[in-house]
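Here's query12.cif, which has mmCIF, C-alpha atoms and all ligand atoms:
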data_work
#
loop_
_atom_site.label_atom_id
_atom_site.label_comp_id
_atom_site.auth_asym_id
_atom_site.auth_seq_id
_atom_site.Cartn_x
_atom_site.Cartn_y
_atom_site.Cartn_z
CA MET M 663 0.00 0.00 0.00
CA LEU M 664 1.31 3.44 -0.96
CA PRO M 665 1.84 6.17 1.64
CA LYS M 666 -1.17 8.45 2.04
CA SER M 667 0.75 11.62 1.15
CA LEU M 668 1.86 10.06 -2.15
CA THR M 669 -1.66 9.00 -3.16
CA GLN M 670 -2.93 12.44 -2.11
CA LEU M 671 -0.46 14.14 -4.44
CA ALA M 672 -1.35 11.67 -7.21
CA ASP M 673 -5.04 12.52 -6.67
CA ARG M 674 -4.23 16.21 -7.13
CA PHE M 675 -2.42 15.50 -10.40
CA SER M 676 -5.22 13.28 -11.68
CA ALA M 677 -7.67 16.16 -11.12
CA LEU M 678 -5.80 18.09 -13.85
CA PRO M 679 -7.11 17.93 -17.43
CA GLY M 680 -5.60 15.15 -19.55
CA ILE M 681 -3.90 13.34 -16.64
CA GLY M 682 -5.06 9.78 -15.96
CA PRO M 683 -4.51 7.93 -12.63
CA LYS M 684 -1.37 6.10 -13.88
CA SER M 685 0.31 9.27 -15.15
CA ALA M 686 -0.73 11.04 -11.94
CA LEU M 687 1.02 8.46 -9.80
CA ARG M 688 4.11 8.59 -12.02
CA LEU M 689 4.25 12.39 -11.60
CA ALA M 690 3.83 12.11 -7.83
CA VAL M 691 6.69 9.60 -7.63
CA TYR M 692 8.79 11.83 -9.88
CA CYS M 693 8.26 14.71 -7.43
CA LEU M 694 9.83 12.55 -4.73
CA SER M 695 12.97 12.22 -6.83
CA LEU M 696 13.39 16.00 -7.25
CA GLU M 697 15.93 18.03 -5.30
CA ASP M 698 14.40 20.08 -2.46
CA LYS M 699 15.15 23.36 -4.30
CA ALA M 700 13.40 22.26 -7.49
CA LEU M 701 10.43 21.01 -5.52
CA HIS M 702 10.12 24.30 -3.61
CA GLU M 703 10.27 26.28 -6.85
CA PHE M 704 7.53 24.09 -8.29
CA ALA M 705 5.37 24.60 -5.17
CA LYS M 706 6.04 28.37 -5.26
CA SER M 707 4.93 28.61 -8.89
CA LEU M 708 1.67 26.90 -7.98
CA GLU M 709 1.17 29.21 -5.02
CA THR M 710 1.76 32.45 -6.90
CA ILE M 711 0.21 31.70 -10.31
CA LYS M 712 -3.22 33.07 -9.37
CA SER M 713 -1.96 36.31 -7.87
CA GLU M 714 0.63 37.04 -10.58
CA VAL M 715 -1.30 36.25 -13.72
CA LYS M 716 -4.13 38.68 -14.31
CA TYR M 717 -6.25 39.58 -17.31
CA CYS M 718 -5.39 42.52 -19.58
CA GLN M 719 -7.94 45.28 -18.99
CA THR M 720 -8.07 46.10 -22.69
CA CYS M 721 -8.24 42.74 -24.44
CA GLY M 722 -8.77 40.08 -21.76
CA ASN M 723 -5.52 38.23 -22.54
CA PHE M 724 -3.26 36.89 -19.76
CA SER M 725 -1.01 39.62 -18.38
CA GLU M 726 1.14 40.43 -15.37
CA ASP M 727 0.33 44.15 -15.78
CA THR M 728 -2.80 46.21 -16.40
CA GLU M 729 -2.26 45.79 -20.13
CA CYS M 730 -0.70 42.83 -21.97
CA ASN M 731 2.41 42.98 -24.17
CA TYR M 732 0.35 42.88 -27.40
CA CYS M 733 -1.88 45.82 -26.41
CA ILE M 734 1.07 48.05 -25.61
CA ALA M 735 3.15 46.89 -28.61
CA THR M 736 3.84 49.85 -30.91
CA ASP M 737 4.48 47.60 -33.92
CA ARG M 738 0.92 46.23 -33.80
CA SER M 739 -1.84 48.16 -35.58
CA ASP M 740 -4.96 49.35 -33.71
CA ASN M 741 -6.90 49.09 -36.99
CA GLN M 742 -7.30 45.34 -36.77
CA ILE M 743 -8.74 43.40 -33.83
CA LEU M 744 -8.64 39.62 -34.00
CA VAL M 745 -11.29 38.08 -31.74
CA VAL M 746 -10.56 34.70 -30.14
CA GLU M 747 -12.10 32.45 -27.52
CA SER M 748 -9.21 32.08 -25.07
CA PRO M 749 -5.75 33.50 -24.26
CA LEU M 750 -4.21 30.27 -25.60
CA ASP M 751 -5.62 31.13 -29.03
CA VAL M 752 -3.67 34.42 -29.04
CA SER M 753 -0.34 32.63 -28.87
CA VAL M 754 -1.09 30.51 -31.97
CA PHE M 755 -1.33 33.70 -34.09
CA ILE M 756 2.00 35.11 -32.91
CA PRO M 757 4.14 33.15 -35.44
CA THR M 758 1.84 34.28 -38.32
CA ASP M 759 2.14 37.54 -40.31
CA TYR M 760 -0.73 39.09 -38.32
CA LYS M 761 0.33 42.46 -36.91
CA GLY M 762 -2.90 43.77 -35.41
CA LYS M 763 -4.33 43.63 -31.91
CA PHE M 764 -6.30 40.87 -30.16
CA HIS M 765 -9.47 40.53 -28.14
CA VAL M 766 -10.15 37.52 -25.89
CA LEU M 767 -13.79 36.61 -25.25
CA GLY M 768 -13.13 34.28 -22.32
CA GLY M 769 -15.50 31.60 -23.69
CA LEU M 770 -18.26 31.08 -26.23
CA ILE M 771 -22.01 31.54 -26.13
CA SER M 772 -23.49 28.22 -25.01
CA PRO M 773 -27.16 28.07 -24.00
CA LEU M 774 -26.70 24.44 -22.87
CA THR M 775 -24.16 25.37 -20.19
CA GLY M 776 -25.81 28.70 -19.38
CA VAL M 777 -23.13 30.94 -20.91
CA GLY M 778 -24.86 33.99 -22.34
CA PRO M 779 -23.24 36.95 -24.15
CA ASP M 780 -23.24 38.94 -20.89
CA LYS M 781 -20.75 36.46 -19.40
CA LEU M 782 -18.25 37.10 -22.20
CA ASN M 783 -15.87 39.98 -22.83
CA ILE M 784 -18.09 41.43 -25.60
CA ALA M 785 -19.08 44.85 -24.18
CA LYS M 786 -15.41 45.79 -24.00
CA LEU M 787 -14.95 44.77 -27.66
CA ILE M 788 -17.82 47.05 -28.68
CA SER M 789 -16.30 50.00 -26.82
CA ARG M 790 -12.88 49.30 -28.37
CA VAL M 791 -14.45 49.32 -31.85
CA GLN M 792 -16.33 52.55 -31.09
CA GLY M 793 -13.06 54.16 -30.10
CA GLN M 794 -11.47 53.49 -33.51
CA PRO M 795 -12.28 55.66 -36.56
CA GLU M 796 -11.38 52.80 -38.89
CA VAL M 797 -11.19 49.19 -37.82
CA GLU M 798 -11.42 45.62 -39.09
CA VAL M 799 -12.74 43.04 -36.63
CA ILE M 800 -11.58 39.53 -37.55
CA LEU M 801 -13.74 36.86 -35.93
CA ALA M 802 -11.59 33.81 -35.23
CA CYS M 803 -14.11 31.79 -33.22
CA PRO M 804 -13.85 27.99 -33.56
CA THR M 805 -15.97 26.31 -36.23
CA SER M 806 -18.25 24.63 -33.65
CA LEU M 807 -21.94 25.41 -33.05
CA GLU M 808 -21.01 27.61 -30.08
CA GLY M 809 -18.31 29.32 -32.12
CA GLU M 810 -20.76 30.03 -34.96
CA ALA M 811 -23.41 31.36 -32.55
CA THR M 812 -20.84 33.64 -30.91
CA ALA M 813 -19.56 34.95 -34.26
CA VAL M 814 -23.11 35.68 -35.46
CA PHE M 815 -23.99 37.48 -32.20
CA ILE M 816 -20.88 39.68 -32.29
CA SER M 817 -21.24 40.45 -35.96
CA GLN M 818 -24.88 41.56 -35.43
CA LYS M 819 -23.89 43.73 -32.45
CA LEU M 820 -21.13 45.37 -34.45
CA THR M 821 -23.35 45.90 -37.50
CA GLN M 822 -25.85 47.73 -35.25
CA LEU M 823 -23.13 50.29 -34.56
CA THR M 824 -23.28 51.44 -38.16
CA GLN M 825 -27.06 51.60 -38.39
CA ASP M 826 -29.42 54.28 -37.18
CA ILE M 827 -32.58 53.57 -35.16
CA THR M 828 -34.73 53.16 -38.29
CA GLY M 829 -32.56 50.25 -39.34
CA LYS M 830 -31.22 52.09 -42.35
CA SER M 831 -27.55 52.29 -42.83
CA ALA M 832 -26.48 55.55 -41.23
CA LYS M 833 -23.43 57.48 -42.29
CA PRO M 834 -21.06 55.86 -39.86
CA LYS M 835 -18.65 58.06 -37.99
CA TYR M 836 -16.10 55.34 -38.59
CA LYS M 837 -15.32 52.62 -41.09
CA LEU M 838 -16.04 49.16 -39.76
CA LYS M 839 -15.24 45.93 -41.56
CA ILE M 840 -16.17 42.55 -40.09
CA THR M 841 -14.38 39.47 -41.40
CA ARG M 842 -13.86 35.88 -40.35
CA LEU M 843 -11.15 33.32 -40.97
CA GLY M 844 -11.38 31.83 -44.44
CA THR M 845 -10.63 28.44 -45.94
CA GLY M 846 -8.07 26.20 -44.32
CA MET M 847 -9.81 25.82 -40.97
CA PRO M 848 -11.16 22.30 -40.52
CA SER M 849 -14.77 22.16 -39.32
CA ASN M 850 -15.43 21.69 -35.61
CA SER M 851 -11.87 22.59 -34.75
CA THR M 852 -10.20 24.47 -31.93
CA LEU M 853 -7.63 27.12 -32.83
CA GLU M 854 -5.25 26.00 -30.14
CA TYR M 855 -4.39 22.85 -32.13
CA GLN M 856 -3.92 24.51 -35.53
CA ASP M 857 -0.47 25.06 -36.93
CA SER M 858 0.58 28.61 -37.74
CA ARG M 859 0.72 27.95 -41.52
CA THR M 860 -2.92 26.88 -41.57
CA LEU M 861 -3.88 29.91 -39.50
CA GLY M 862 -1.79 32.23 -41.65
CA PHE M 863 -3.59 30.88 -44.73
CA SER M 864 -7.02 31.31 -43.07
CA LEU M 865 -6.09 34.88 -42.17
CA GLN M 866 -5.00 35.72 -45.71
CA ASN M 867 -8.21 34.28 -47.11
CA ARG M 868 -10.59 35.85 -44.63
CA ILE M 869 -14.19 36.46 -45.66
CA GLU M 870 -16.04 39.74 -45.21
CA LEU M 871 -19.37 39.43 -43.36
ZN ZN D 901 -4.21 43.15 -24.00
#

Rewrite the coordinates I just gave you, this time as structure tokens.
Ligand SMILES: [Zn+2]
Amino acid sequence: MLPKSLTQLADRFSALPGIGPKSALRLAVYCLSLEDKALHEFAKSLETIKSEVKYCQTCGNFSEDTECNYCIATDRSDNQILVVESPLDVSVFIPTDYKGKFHVLGGLISPLTGVGPDKLNIAKLISRVQGQPEVEVILACPTSLEGEATAVFISQKLTQLTQDITGKSAKPKYKLKITRLGTGMPSNSTLEYQDSRTLGFSLQNRIEL
């Protein structure tokens, strides 16, 4: 029978996504073999991760400051905002030619799990768009049902910005273009697992909505 503290640590590992009971036990045993210093550093990282990693106030990406590195980057254009589901999706676009800004929704609209538009970082996107005289919003939601529903909702909200109360197209104070990723994206896929060439191709071939 294994010591209680070892099975407890294994239980904690197996609670993590993608870790089965066997791998969890292997990781727990591996921890035992680590030098004290390495083990303390590992424990410290776990302890501080929540307090050190925050969300960028502008785009919702991970950040250790009020604004993330991409929002403050001077070599990235404010005229393009690429909208993604999660902060992990931002990093997959970094090796591509894309040189605009990002916006992280923090999830997708999902009536089944009770996630409505109000739970997502959409209001902030609208105010960012309103603050730009000329902007292209590139919707890079996944090609799932939830992703489609989210893209349609955002695109309708943004289109409303350029229409007056009678529904006619008003003379917009700014130029707004709404696009989405084009061919190259497999259906029902998550961005996180796409290679940068595929994403670069989808970006080049984006479709105007
Ligand atoms: Zn940011």

### Task
Using all atoms listed in the file, determine which residues lie at most 12 Å from Pro683 of chain M, disregarding the query and same-chain residues fewer than 4 positions distant; provide the list as a ChimeraX atom specification.
/M:669-679,687-690

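For the point (2.1, 34.5, -42.9), the residues with an atom at a distance of at most 6 Å are M:Thr758, M:Asp759, M:Gly862, counting only C-alpha atoms.
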
Take the selection from the previous step and output its residues with C-alpha atoms, as a PDB file, keeping the file's coordinate frame.
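This went into result.pdb:
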ATOM      1  CA  THR M 758       1.840  34.280 -38.320  1.00  0.00           C
ATOM      2  CA  ASP M 759       2.140  37.540 -40.310  1.00  0.00           C
ATOM      3  CA  GLY M 862      -1.790  32.230 -41.650  1.00  0.00           C
TER       4      GLY M 862
END

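Using only C-alpha atoms and all ligand atoms, the shortest contact distance between ligand ZN 901 (chain D) and any of M:Val754, M:Val745, M:Leu838, M:Leu843 is found at M:Val745.
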
### Task
List all protein, DNA and RNA residues that have at least one atom no more than 8 Å from any atom of ligand ZN 901 (chain D), counting all atoms listed in the file, and write them as a VMD selection string.
chain M and resid 717 to 725 729 to 734 763 to 765

Sorted by chain and rising residue number, list the residues of segment 700-781 of chain M at most 7 Å from segment 800-816 of chain M (counting all atoms listed in the file), each with its closest atom pair and distance in Å to one decimal, as a Markdown table.
| residue | atom | partner | partner_atom | distance |
| --- | --- | --- | --- | --- |
| M:Ile743 | CA | M:Ile800 | CA | 6.1 |
| M:Leu744 | CA | M:Ile800 | CA | 4.6 |
| M:Val745 | CA | M:Leu801 | CA | 5.0 |
| M:Val746 | CA | M:Ala802 | CA | 5.3 |
| M:Glu747 | CA | M:Cys803 | CA | 6.1 |
| M:Leu770 | CA | M:Glu808 | CA | 5.9 |
| M:Ile771 | CA | M:Thr812 | CA | 5.4 |
| M:Ser772 | CA | M:Glu808 | CA | 5.7 |

### Task
Between atom CA of Asn867 of chain M and atom CA of Lys786 of chain M, measure the distance and give it in Å to one decimal.
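Between these atoms lies a distance of 26.8 Å.
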
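Atom to atom, atom CA of Lys781 of chain M and atom CA of Lys819 of chain M stand 15.3 Å apart.
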